[in-house]
Amino acid sequence: MTESPLTVSKAASQQRQAPAWVLRDDFDTLYIAEMRALTVHLMYRGATPYEAADAVHEAFIELLPDRWRTMAHPRAYLRTVAWTKYLRQPGHRESPSDPVPDRPGGTCPVREVILTESQDRVLAAVQQLSPAQQEVIAWQLDGFDYAEIASFTGKKETALRTNAKRGRERLKELLDLARTGRVEGGASHE
């Protein structure tokens, strides 16, 4: 049985994070490791792929030229700044009418965010949650625990746990997992 997208273990979180020495020595590695994950994070919170990509790039710019080398938690910082950049974008939900042009030597970040059918299903379900539930679920899917989320967002851990529990219950209904009485993969993230 495959692991549920709603279940995030500490081991999975540690596997997704590049070692600290890599993050401190190579901005390209940090960018590659986090660009897709951060874009999907914003999509879980309601952004379109284009809005998310714009906000992600603006967040990465905040780390340049050398701020990223000395920052204690660059992954959390990127998520916080990208969310703020997204909220400040004019005209949410407007998709560009022309395709995003390819740039020589680069790739379109939206192309990097190709989701499987099951990921699309989860994304659509998460986007139906309340904003507070979307927030905590998106952070959890990126491997952050309640204490970290509380620390980085300034929210109370008890409120985060409540929103996560309600969000998971709603996701079970939306994803038609309530019939079996459990989420695939078994363990809950409380």
# chains A, B, ... in the order shown; residues from 1 in each chain; ligands from 1

$ residues_around --residues "Glu148 of chain A" --least-positions-apart "3" --cutoff "12 Å" --atoms "only C-alpha atoms" --output "CSV table (one decimal) with C-alpha atoms, in the first residue's frame"
chain,number,residue,atom,x,y,z
A,73,HIS,CA,15.8,28.1,8.7
A,75,ARG,CA,13.1,26.5,4.1
A,76,ALA,CA,10.7,28.0,6.6
A,77,TYR,CA,11.7,31.5,5.6
A,136,VAL,CA,-1.2,23.6,8.5
A,139,TRP,CA,3.3,22.9,6.1
A,140,GLN,CA,2.9,19.3,7.3
A,142,ASP,CA,6.5,19.8,3.5
A,143,GLY,CA,7.7,17.9,6.6
A,144,PHE,CA,7.3,20.5,9.3
A,145,ASP,CA,6.0,19.4,12.7
A,151,SER,CA,7.5,28.9,15.6
A,152,PHE,CA,7.6,30.0,12.0
A,153,THR,CA,3.9,31.2,11.7
A,154,GLY,CA,3.4,32.6,15.2
A,155,LYS,CA,0.3,30.5,15.7
A,156,LYS,CA,-0.5,28.4,18.7
A,157,GLU,CA,0.3,24.8,18.5
A,160,LEU,CA,-2.6,24.1,14.5

$ atom_distance --atom1 "atom CA of His41 of chain A" --atom2 "atom CA of Pro74 of chain A"
14.9 Å

$ residues_around --residues "segment 128-134 of chain A" --least-positions-apart "4" --cutoff "10 Å" --atoms "only C-alpha atoms" --output "list in words"
His41, Leu42, Met43, Tyr44, Arg45, Gly46, Val122, Leu123, Ala124, Ala138, Trp139, Gln140, Ala159, Leu160, Arg161, Thr162, Asn163, Ala164, Lys165, Arg166, Gly167, Arg168, Arg170, Leu171 and Leu174 of chain A

$ residues_around --residues "Ala55 of chain A" --least-positions-apart "2" --cutoff "6 Å" --atoms "only C-alpha atoms" --output "PyMOL selection string"
chain A and resi 52-53+57-58+82+85-86

$ atom_distance --atom1 "atom CA of Arg79 of chain A" --atom2 "atom CA of Leu38 of chain A"
6.5 Å

$ closest_residue --among "A:Thr29, A:Thr80, A:Arg69, A:Gln89" --to "Tyr50 of chain A" --atoms "only C-alpha atoms"
A:Gln89

$ atom_distance --atom1 "atom CA of Ala150 of chain A" --atom2 "atom CA of Ile137 of chain A"
12.8 Å
